$ cat query.txt   # compact mmCIF, C-alpha atoms and all ligand atoms
# COMPACT_ATOMS: atom_id res chain seq x y z
CA MET A 247 22.28 -95.82 38.94
CA GLU A 248 18.76 -96.05 40.30
CA ARG A 249 17.14 -94.82 43.45
CA LEU A 250 17.14 -97.43 46.19
CA GLN A 251 13.38 -97.23 46.83
CA LYS A 252 12.69 -97.71 43.10
CA VAL A 253 14.88 -100.80 42.94
CA ILE A 254 13.17 -102.33 45.99
CA ALA A 255 9.72 -101.61 44.53
CA GLN A 256 10.71 -102.88 41.10
CA ALA A 257 11.79 -106.17 42.62
CA GLY A 258 8.20 -106.59 43.79
CA VAL A 259 9.00 -106.36 47.51
CA THR A 260 6.50 -103.56 48.11
CA SER A 261 5.31 -100.22 46.71
CA ARG A 262 7.75 -97.36 46.27
CA ARG A 263 6.22 -95.42 49.13
CA LYS A 264 6.43 -98.38 51.50
CA ALA A 265 10.00 -98.98 50.34
CA GLU A 266 10.78 -95.44 51.50
CA THR A 267 9.38 -96.27 54.93
CA LEU A 268 11.48 -99.44 55.03
CA ILE A 269 14.59 -97.37 54.33
CA GLU A 270 13.72 -94.72 56.91
CA ASP A 271 12.97 -97.41 59.47
CA GLY A 272 16.50 -98.77 59.08
CA ARG A 273 15.46 -102.10 57.59
CA VAL A 274 17.50 -101.81 54.38
CA LYS A 275 21.19 -102.55 53.85
CA VAL A 276 23.30 -101.91 50.76
CA ASN A 277 26.47 -104.02 50.52
CA GLY A 278 26.07 -104.86 54.18
CA LYS A 279 25.76 -101.23 55.33
CA LEU A 280 22.61 -99.76 56.81
CA VAL A 281 21.13 -97.04 54.58
CA THR A 282 18.48 -94.68 55.91
CA GLU A 283 18.79 -91.84 53.41
CA LEU A 284 16.04 -91.75 50.78
CA GLY A 285 17.96 -90.24 47.89
CA THR A 286 20.57 -93.05 47.91
CA LYS A 287 21.36 -94.38 44.46
CA VAL A 288 22.49 -97.93 43.79
CA LYS A 289 24.37 -99.67 41.00
CA ASP A 290 23.33 -102.88 39.24
CA ASN A 291 25.78 -105.00 41.20
CA ASP A 292 25.07 -103.49 44.65
CA LYS A 293 23.71 -106.06 47.09
CA ILE A 294 20.47 -104.92 48.69
CA GLU A 295 18.86 -106.56 51.69
CA VAL A 296 15.52 -105.87 53.36
CA ASP A 297 15.30 -107.27 56.90
CA GLY A 298 18.37 -109.33 56.08
CA ILE A 299 16.71 -110.93 53.02
CA PRO A 300 18.49 -110.28 49.71
CA VAL A 301 16.44 -108.39 47.14
CA TYR A 302 16.48 -110.38 43.92
CA ARG A 303 16.92 -107.99 41.00
CA GLU A 304 15.96 -108.88 37.49
CA GLU A 305 15.80 -107.06 34.19
CA PRO A 306 12.25 -105.64 34.11
CA VAL A 307 10.07 -107.24 31.43
CA TYR A 308 6.53 -106.42 30.29
CA PHE A 309 4.15 -108.61 28.30
CA LEU A 310 0.68 -108.29 26.82
CA PHE A 311 -1.00 -111.70 27.04
CA TYR A 312 -4.17 -112.87 25.32
CA LYS A 313 -5.55 -114.88 28.20
CA PRO A 314 -7.74 -117.78 27.14
CA THR A 315 -10.83 -118.75 29.16
CA GLY A 316 -10.27 -121.60 31.59
CA VAL A 317 -7.04 -120.13 32.95
CA ILE A 318 -6.62 -118.62 36.39
CA SER A 319 -4.94 -115.19 36.70
CA THR A 320 -2.62 -116.14 39.52
CA VAL A 321 0.87 -117.48 39.37
CA GLU A 322 -0.20 -120.86 40.73
CA ASP A 323 -3.54 -122.43 41.56
CA ASP A 324 -4.04 -124.61 44.62
CA LYS A 325 -6.76 -126.55 42.79
CA GLY A 326 -4.32 -127.47 40.04
CA ARG A 327 -6.06 -125.45 37.32
CA LYS A 328 -4.07 -123.96 34.48
CA ALA A 329 -2.53 -120.61 35.50
CA VAL A 330 -1.27 -117.68 33.42
CA ALA A 331 2.28 -118.33 34.67
CA ASP A 332 2.17 -121.72 32.90
CA TYR A 333 2.44 -119.78 29.63
CA PHE A 334 5.62 -118.02 30.81
CA HIS A 335 7.68 -120.92 32.17
CA HIS A 336 10.41 -120.59 29.58
CA ILE A 337 10.91 -116.90 30.45
CA GLU A 338 13.85 -116.36 32.75
CA GLN A 339 12.09 -113.69 34.82
CA ARG A 340 9.31 -114.46 37.28
CA VAL A 341 6.37 -112.48 35.94
CA PHE A 342 3.00 -111.90 37.59
CA PRO A 343 -0.27 -110.45 36.26
CA VAL A 344 -1.20 -106.79 36.69
CA GLY A 345 -4.67 -107.18 38.19
CA ARG A 346 -6.75 -110.11 37.13
CA LEU A 347 -9.29 -111.53 34.74
CA ASP A 348 -11.76 -114.18 35.91
CA TYR A 349 -11.18 -117.84 35.10
CA ASP A 350 -13.99 -117.64 32.51
CA THR A 351 -12.94 -114.28 31.03
CA SER A 352 -10.57 -114.06 28.08
CA GLY A 353 -8.57 -111.14 26.73
CA ALA A 354 -5.88 -108.57 27.37
CA LEU A 355 -3.80 -109.07 30.50
CA LEU A 356 -0.46 -107.47 31.33
CA LEU A 357 2.29 -109.44 33.02
CA THR A 358 5.51 -108.08 34.42
CA ASN A 359 8.16 -108.63 37.08
CA ASP A 360 8.20 -104.87 37.80
CA GLY A 361 6.33 -104.46 41.07
CA ASP A 362 6.58 -100.68 40.98
CA PHE A 363 4.95 -100.53 37.53
CA ALA A 364 2.22 -102.99 38.57
CA ASN A 365 1.44 -101.01 41.73
CA LYS A 366 1.11 -97.81 39.72
CA LEU A 367 -1.27 -99.34 37.21
CA MET A 368 -3.40 -101.00 39.86
CA HIS A 369 -3.69 -97.87 42.00
CA PRO A 370 -7.39 -96.88 42.23
CA SER A 371 -6.56 -93.32 41.13
CA TYR A 372 -5.23 -94.65 37.81
CA LYS A 373 -8.35 -94.64 35.66
CA ILE A 374 -7.24 -96.70 32.73
CA ASP A 375 -9.96 -97.63 30.22
CA LYS A 376 -10.73 -101.32 30.06
CA VAL A 377 -12.92 -102.28 27.14
CA TYR A 378 -14.97 -105.46 27.36
CA VAL A 379 -17.20 -107.25 24.87
CA VAL A 380 -19.99 -109.02 26.71
CA LYS A 381 -22.43 -111.62 25.43
CA VAL A 382 -25.52 -111.78 27.60
CA LYS A 383 -28.76 -113.70 27.71
CA GLY A 384 -31.70 -111.41 26.97
CA ILE A 385 -32.43 -108.40 24.80
CA VAL A 386 -30.50 -105.36 26.01
CA THR A 387 -32.47 -102.13 25.57
CA LYS A 388 -31.40 -98.49 25.35
CA GLU A 389 -32.61 -98.02 28.93
CA VAL A 390 -30.30 -100.80 30.11
CA ILE A 391 -27.41 -99.12 28.30
CA GLN A 392 -28.24 -95.85 30.07
CA LYS A 393 -28.29 -97.60 33.43
CA LEU A 394 -24.89 -99.17 32.73
CA GLN A 395 -23.56 -95.75 31.77
CA ARG A 396 -24.89 -94.01 34.87
CA GLY A 397 -23.57 -96.67 37.23
CA VAL A 398 -25.11 -99.76 38.77
CA HIS A 399 -25.68 -100.38 42.48
CA LEU A 400 -23.73 -103.43 43.59
CA GLU A 401 -23.34 -104.76 47.13
CA ASP A 402 -19.95 -103.04 47.45
CA GLY A 403 -21.20 -99.68 46.15
CA LYS A 404 -22.30 -97.96 42.97
CA THR A 405 -20.09 -98.37 39.93
CA ALA A 406 -18.63 -95.25 38.33
CA LYS A 407 -19.93 -93.88 35.04
CA SER A 408 -19.10 -96.10 32.09
CA GLN A 409 -19.50 -96.05 28.35
CA ALA A 410 -21.63 -98.75 26.76
CA ARG A 411 -23.13 -99.56 23.39
CA ILE A 412 -25.03 -102.39 21.78
CA LEU A 413 -23.00 -104.25 19.15
CA SER A 414 -25.68 -106.73 18.11
CA ILE A 415 -28.98 -108.28 19.13
CA ASP A 416 -30.20 -111.75 18.23
CA LYS A 417 -33.94 -111.65 18.84
CA GLN A 418 -34.47 -115.30 17.93
CA LYS A 419 -31.83 -116.62 20.30
CA GLU A 420 -32.56 -113.84 22.81
CA LYS A 421 -28.94 -112.82 23.14
CA SER A 422 -27.18 -109.47 23.00
CA ILE A 423 -23.60 -108.39 22.52
CA VAL A 424 -22.57 -105.19 24.26
CA GLU A 425 -19.31 -103.25 24.46
CA ILE A 426 -18.62 -101.62 27.81
CA THR A 427 -15.71 -99.46 28.90
CA ILE A 428 -14.97 -99.22 32.62
CA HIS A 429 -11.98 -97.93 34.54
CA GLU A 430 -12.55 -99.49 37.92
CA GLY A 431 -11.48 -102.93 38.99
CA LYS A 432 -14.14 -104.24 41.36
CA ASN A 433 -14.18 -107.99 41.61
CA ARG A 434 -16.22 -109.56 38.75
CA GLN A 435 -17.48 -106.06 38.02
CA VAL A 436 -18.81 -106.46 34.48
CA ARG A 437 -20.56 -109.74 35.25
CA ARG A 438 -22.14 -108.29 38.37
CA MET A 439 -23.26 -105.10 36.58
CA PHE A 440 -25.13 -107.07 33.94
CA GLU A 441 -26.47 -109.61 36.41
CA ALA A 442 -27.80 -106.81 38.64
CA LEU A 443 -29.84 -105.61 35.66
CA GLY A 444 -31.16 -109.11 34.93
CA TYR A 445 -28.77 -110.15 32.15
CA PRO A 446 -26.66 -113.24 32.90
CA VAL A 447 -23.26 -113.04 31.20
CA GLN A 448 -22.47 -115.91 28.88
CA LYS A 449 -19.16 -114.72 27.49
CA LEU A 450 -16.76 -111.97 28.51
CA LYS A 451 -13.64 -110.76 26.75
CA ARG A 452 -11.37 -107.80 27.51
CA GLU A 453 -10.64 -106.33 24.10
CA ARG A 454 -8.47 -103.47 25.25
CA TYR A 455 -6.40 -102.41 28.25
CA GLY A 456 -5.68 -98.70 27.97
CA PHE A 457 -4.37 -98.23 24.45
CA LEU A 458 -3.24 -101.86 24.20
CA GLU A 459 -5.27 -104.04 21.85
CA LEU A 460 -4.93 -107.73 21.10
CA THR A 461 -4.22 -107.16 17.41
CA GLY A 462 -1.95 -109.87 16.01
CA LEU A 463 -2.28 -112.19 19.02
CA ASN A 464 -4.20 -115.45 19.15
CA SER A 465 -5.66 -116.79 22.38
CA GLY A 466 -2.79 -118.07 24.56
CA GLU A 467 -0.16 -115.91 22.83
CA TYR A 468 1.71 -112.91 24.15
CA ARG A 469 4.10 -110.24 23.00
CA GLU A 470 6.63 -108.09 24.76
CA LEU A 471 5.62 -104.44 25.16
CA LYS A 472 7.67 -101.90 23.26
CA PRO A 473 9.65 -99.49 25.48
CA TYR A 474 7.46 -96.59 24.32
CA GLU A 475 4.33 -98.53 25.37
CA VAL A 476 5.71 -99.09 28.87
CA LYS A 477 6.63 -95.41 29.04
CA GLN A 478 3.18 -94.34 27.88
CA LEU A 479 1.45 -96.52 30.49
CA ARG A 480 3.71 -95.09 33.20
CA ASN A 481 3.11 -91.53 32.02
CA GLU A 482 -0.64 -92.05 31.94
CA ALA A 483 -0.54 -93.40 35.49
CA VAL A 484 1.26 -90.24 36.62
CA THR A 485 -1.08 -87.92 34.70
CA GLN A 486 -4.16 -89.60 36.12
CA LYS A 487 -2.80 -89.32 39.64
CA SER A 488 -2.06 -85.63 39.27
CA LYS A 489 -5.61 -85.02 37.93
CA LYS A 490 -7.01 -86.27 41.24
N1 LIG B 501 -15.28 -107.94 35.01
C1 LIG B 501 -15.63 -109.22 35.24
O1 LIG B 501 -16.77 -109.50 35.61
N2 LIG B 501 -14.71 -110.18 35.06
C2 LIG B 501 -13.45 -109.92 34.63
O2 LIG B 501 -12.66 -110.85 34.48
C3 LIG B 501 -13.11 -108.59 34.40
C4 LIG B 501 -14.05 -107.61 34.60

$ encode --input "query.txt" --output "structure tokens"
Amino acid sequence: MERLQKVIAQAGVTSRRKAETLIEDGRVKVNGKLVTELGTKVKDNDKIEVDGIPVYREEPVYFLFYKPTGVISTVEDDKGRKAVADYFHHIEQRVFPVGRLDYDTSGALLLTNDGDFANKLMHPSYKIDKVYVVKVKGIVTKEVIQKLQRGVHLEDGKTAKSQARILSIDKQKEKSIVEITIHEGKNRQVRRMFEALGYPVQKLKRERYGFLELTGLNSGEYRELKPYEVKQLRNEAVTQKSKK
């Protein structure tokens, strides 16, 4: 038995909090009966409807995907480009990405059909570490690293403090490789941070999402998360929220 609002959120209809409002507003039926009480628990075979539309319930699944470059992080692309969902066609469940990576960015991306889990992880108060390896044009100096760490002014505000370090410098080719750890999710954030400091990004890869690394995966491959990994991500989301 699960709480009704959790089941609605898990099905990807909306967040758990909004699901509670839907219930209180009398928009949810269980087995044809209006339910307005928040604590209501439902069984696997109970039929749930929101605004008369059946809520499609699936077994929740969670994957860590090594996204290649040249793939869009949406379920479908209107320009016909390859999408992450194309790698998951043979999976029975309809999974979607948790957040996004740019078309040209490779690396760790989570996919799930659990809307509640995805909402939790994408909540701005959930400060999960995202570690990127960035290849840029130009010689990155210690001062640049300090600026990245303090935060960079972008058109949509200053970025939060980050951790950054130089991995290698090629003086002849005038290229640098830097590792940067951020926990925000502004659009094209890493690229814009480096560009704002005069370093065009040539290659970007997300090496780590929280404690999840790409070890054992080749580009284009994925693996199912272990139950303890899902639990740990959920727990971290809760802990971060309560720290706020
Ligand atoms: N920052 C970027 O610039 N691009 C990504 O895909 C992720 C983070």

$ closest_atom_pairs --input "query.txt" --of "chain A" --to "ligand LIG 501 (chain B)" --cutoff "7 Å" --atoms "all atoms listed in the file" --output "tab-separated table"
residue	atom	partner	partner_atom	distance
A:Arg346	CA	B:LIG501	O2	6.5
A:Leu347	CA	B:LIG501	O2	3.4
A:Asp348	CA	B:LIG501	O2	3.7
A:Thr351	CA	B:LIG501	O2	4.9
A:Gly431	CA	B:LIG501	C4	6.9
A:Asn433	CA	B:LIG501	C1	6.6
A:Arg434	CA	B:LIG501	O1	3.2
A:Gln435	CA	B:LIG501	N1	4.2
A:Val436	CA	B:LIG501	O1	3.8
A:Arg437	CA	B:LIG501	O1	3.8
A:Arg438	CA	B:LIG501	O1	6.2

$ residues_around --input "query.txt" --residues "A:Glu459" --least-positions-apart "6" --cutoff "9 Å" --atoms "only C-alpha atoms" --output "PDB file with C-alpha atoms, in the coordinates of the input"
ATOM      1  CA  LEU A 310       0.680-108.290  26.820  1.00  0.00           C
ATOM      2  CA  ALA A 354      -5.880-108.570  27.370  1.00  0.00           C
ATOM      3  CA  GLU A 453     -10.640-106.330  24.100  1.00  0.00           C
TER       4      GLU A 453
END

$ closest_residue --input "query.txt" --among "A:His369, A:Val296, A:Val398, A:Leu250" --to "A:Asp271" --atoms "all atoms listed in the file"
A:Val296

$ closest_residue --input "query.txt" --among "A:Asp362, A:Asp290, A:Glu283, A:Asp375" --to "A:Arg452" --atoms "all atoms listed in the file"
A:Asp375

$ atom_distance --input "query.txt" --atom1 "atom CA of A:Thr461" --atom2 "atom CA of A:Phe440"
26.7 Å

$ residues_around --input "query.txt" --residues "stretch 420-425 of chain A" --least-positions-apart "5" --cutoff "6 Å" --atoms "all atoms listed in the file" --output "tab-separated table (two decimals) with C-alpha atoms, in the coordinates of the input"
chain	number	residue	atom	x	y	z
A	378	TYR	CA	-14.97	-105.46	27.36
A	379	VAL	CA	-17.20	-107.25	24.87
A	380	VAL	CA	-19.99	-109.02	26.71
A	381	LYS	CA	-22.43	-111.62	25.43
A	382	VAL	CA	-25.52	-111.78	27.60
A	383	LYS	CA	-28.76	-113.70	27.71
A	384	GLY	CA	-31.70	-111.41	26.97
A	385	ILE	CA	-32.43	-108.40	24.80
A	410	ALA	CA	-21.63	-98.75	26.76
A	411	ARG	CA	-23.13	-99.56	23.39
A	412	ILE	CA	-25.03	-102.39	21.78
A	413	LEU	CA	-23.00	-104.25	19.15
A	414	SER	CA	-25.68	-106.73	18.11
A	415	ILE	CA	-28.98	-108.28	19.13

$ closest_residue --input "query.txt" --among "A:Ser371, A:Thr320, A:Gln448, A:Gln392" --to "A:Leu357" --atoms "all atoms listed in the file"
A:Thr320

$ atom_distance --input "query.txt" --atom1 "atom CA of A:Tyr445" --atom2 "atom CA of A:Lys417"
14.4 Å

$ closest_residue --input "query.txt" --among "A:Gly361, A:Glu266, A:Leu458, A:Asp416" --to "A:Lys472" --atoms "only C-alpha atoms"
A:Leu458

$ atom_distance --input "query.txt" --atom1 "atom CA of A:Tyr455" --atom2 "atom CA of A:Tyr302"
28.9 Å

$ residues_around --input "query.txt" --residues "A:Lys313" --least-positions-apart "4" --cutoff "7 Å" --atoms "only C-alpha atoms" --output "list of chain:residue names"
A:Ser352, A:Gly353, A:Ala354, A:Leu355, A:Ser465, A:Gly466

$ build_atoms --input "query.txt" --residues "stretch 362-381 of chain A" --atoms "N, CA, C and O atoms" --output "PDB file, keeping the file's coordinate frame"
ATOM      1  N   ASP A 362       6.854-102.113  40.917  1.00  0.00           N
ATOM      2  CA  ASP A 362       6.580-100.680  40.980  1.00  0.00           C
ATOM      3  C   ASP A 362       5.574-100.282  39.879  1.00  0.00           C
ATOM      4  O   ASP A 362       4.595 -99.597  40.118  1.00  0.00           O
ATOM      5  N   PHE A 363       5.828-100.773  38.693  1.00  0.00           N
ATOM      6  CA  PHE A 363       4.950-100.530  37.530  1.00  0.00           C
ATOM      7  C   PHE A 363       3.547-101.093  37.804  1.00  0.00           C
ATOM      8  O   PHE A 363       2.538-100.424  37.598  1.00  0.00           O
ATOM      9  N   ALA A 364       3.506-102.331  38.299  1.00  0.00           N
ATOM     10  CA  ALA A 364       2.220-102.990  38.570  1.00  0.00           C
ATOM     11  C   ALA A 364       1.436-102.206  39.624  1.00  0.00           C
ATOM     12  O   ALA A 364       0.233-101.980  39.470  1.00  0.00           O
ATOM     13  N   ASN A 365       2.117-101.780  40.676  1.00  0.00           N
ATOM     14  CA  ASN A 365       1.440-101.010  41.730  1.00  0.00           C
ATOM     15  C   ASN A 365       0.839 -99.727  41.183  1.00  0.00           C
ATOM     16  O   ASN A 365      -0.264 -99.340  41.548  1.00  0.00           O
ATOM     17  N   LYS A 366       1.581 -99.076  40.313  1.00  0.00           N
ATOM     18  CA  LYS A 366       1.110 -97.810  39.720  1.00  0.00           C
ATOM     19  C   LYS A 366      -0.169 -98.044  38.919  1.00  0.00           C
ATOM     20  O   LYS A 366      -1.133 -97.314  39.048  1.00  0.00           O
ATOM     21  N   LEU A 367      -0.122 -99.083  38.080  1.00  0.00           N
ATOM     22  CA  LEU A 367      -1.270 -99.340  37.210  1.00  0.00           C
ATOM     23  C   LEU A 367      -2.492 -99.806  37.989  1.00  0.00           C
ATOM     24  O   LEU A 367      -3.624 -99.590  37.565  1.00  0.00           O
ATOM     25  N   MET A 368      -2.254-100.467  39.108  1.00  0.00           N
ATOM     26  CA  MET A 368      -3.400-101.000  39.860  1.00  0.00           C
ATOM     27  C   MET A 368      -3.931-100.008  40.885  1.00  0.00           C
ATOM     28  O   MET A 368      -4.929-100.267  41.535  1.00  0.00           O
ATOM     29  N   HIS A 369      -3.252 -98.871  41.022  1.00  0.00           N
ATOM     30  CA  HIS A 369      -3.690 -97.870  42.000  1.00  0.00           C
ATOM     31  C   HIS A 369      -5.081 -97.372  41.604  1.00  0.00           C
ATOM     32  O   HIS A 369      -5.321 -97.077  40.437  1.00  0.00           O
ATOM     33  N   PRO A 370      -6.015 -97.279  42.572  1.00  0.00           N
ATOM     34  CA  PRO A 370      -7.390 -96.880  42.230  1.00  0.00           C
ATOM     35  C   PRO A 370      -7.477 -95.514  41.544  1.00  0.00           C
ATOM     36  O   PRO A 370      -8.436 -95.250  40.808  1.00  0.00           O
ATOM     37  N   SER A 371      -6.482 -94.647  41.751  1.00  0.00           N
ATOM     38  CA  SER A 371      -6.560 -93.320  41.130  1.00  0.00           C
ATOM     39  C   SER A 371      -6.180 -93.378  39.637  1.00  0.00           C
ATOM     40  O   SER A 371      -6.358 -92.410  38.908  1.00  0.00           O
ATOM     41  N   TYR A 372      -5.632 -94.511  39.200  1.00  0.00           N
ATOM     42  CA  TYR A 372      -5.230 -94.650  37.810  1.00  0.00           C
ATOM     43  C   TYR A 372      -6.425 -95.159  37.013  1.00  0.00           C
ATOM     44  O   TYR A 372      -6.737 -96.343  37.041  1.00  0.00           O
ATOM     45  N   LYS A 373      -7.091 -94.255  36.308  1.00  0.00           N
ATOM     46  CA  LYS A 373      -8.350 -94.640  35.660  1.00  0.00           C
ATOM     47  C   LYS A 373      -8.125 -95.085  34.218  1.00  0.00           C
ATOM     48  O   LYS A 373      -8.491 -94.396  33.283  1.00  0.00           O
ATOM     49  N   ILE A 374      -7.505 -96.200  34.076  1.00  0.00           N
ATOM     50  CA  ILE A 374      -7.240 -96.700  32.730  1.00  0.00           C
ATOM     51  C   ILE A 374      -8.525 -97.321  32.152  1.00  0.00           C
ATOM     52  O   ILE A 374      -9.273 -97.988  32.864  1.00  0.00           O
ATOM     53  N   ASP A 375      -8.780 -97.049  30.872  1.00  0.00           N
ATOM     54  CA  ASP A 375      -9.960 -97.630  30.220  1.00  0.00           C
ATOM     55  C   ASP A 375      -9.753 -99.115  29.999  1.00  0.00           C
ATOM     56  O   ASP A 375      -8.708 -99.536  29.481  1.00  0.00           O
ATOM     57  N   LYS A 376     -10.759 -99.887  30.367  1.00  0.00           N
ATOM     58  CA  LYS A 376     -10.730-101.320  30.060  1.00  0.00           C
ATOM     59  C   LYS A 376     -11.981-101.606  29.261  1.00  0.00           C
ATOM     60  O   LYS A 376     -13.090-101.339  29.720  1.00  0.00           O
ATOM     61  N   VAL A 377     -11.781-102.087  28.047  1.00  0.00           N
ATOM     62  CA  VAL A 377     -12.920-102.280  27.140  1.00  0.00           C
ATOM     63  C   VAL A 377     -13.259-103.775  27.064  1.00  0.00           C
ATOM     64  O   VAL A 377     -12.393-104.600  26.744  1.00  0.00           O
ATOM     65  N   TYR A 378     -14.515-104.074  27.357  1.00  0.00           N
ATOM     66  CA  TYR A 378     -14.970-105.460  27.360  1.00  0.00           C
ATOM     67  C   TYR A 378     -16.063-105.669  26.323  1.00  0.00           C
ATOM     68  O   TYR A 378     -16.899-104.776  26.112  1.00  0.00           O
ATOM     69  N   VAL A 379     -16.072-106.842  25.702  1.00  0.00           N
ATOM     70  CA  VAL A 379     -17.200-107.250  24.870  1.00  0.00           C
ATOM     71  C   VAL A 379     -17.919-108.359  25.635  1.00  0.00           C
ATOM     72  O   VAL A 379     -17.289-109.330  26.067  1.00  0.00           O
ATOM     73  N   VAL A 380     -19.217-108.150  25.823  1.00  0.00           N
ATOM     74  CA  VAL A 380     -19.990-109.020  26.710  1.00  0.00           C
ATOM     75  C   VAL A 380     -21.142-109.636  25.944  1.00  0.00           C
ATOM     76  O   VAL A 380     -21.924-108.916  25.312  1.00  0.00           O
ATOM     77  N   LYS A 381     -21.267-110.956  26.023  1.00  0.00           N
ATOM     78  CA  LYS A 381     -22.430-111.620  25.430  1.00  0.00           C
ATOM     79  C   LYS A 381     -23.357-111.997  26.579  1.00  0.00           C
ATOM     80  O   LYS A 381     -22.915-112.659  27.539  1.00  0.00           O
TER      81      LYS A 381
END
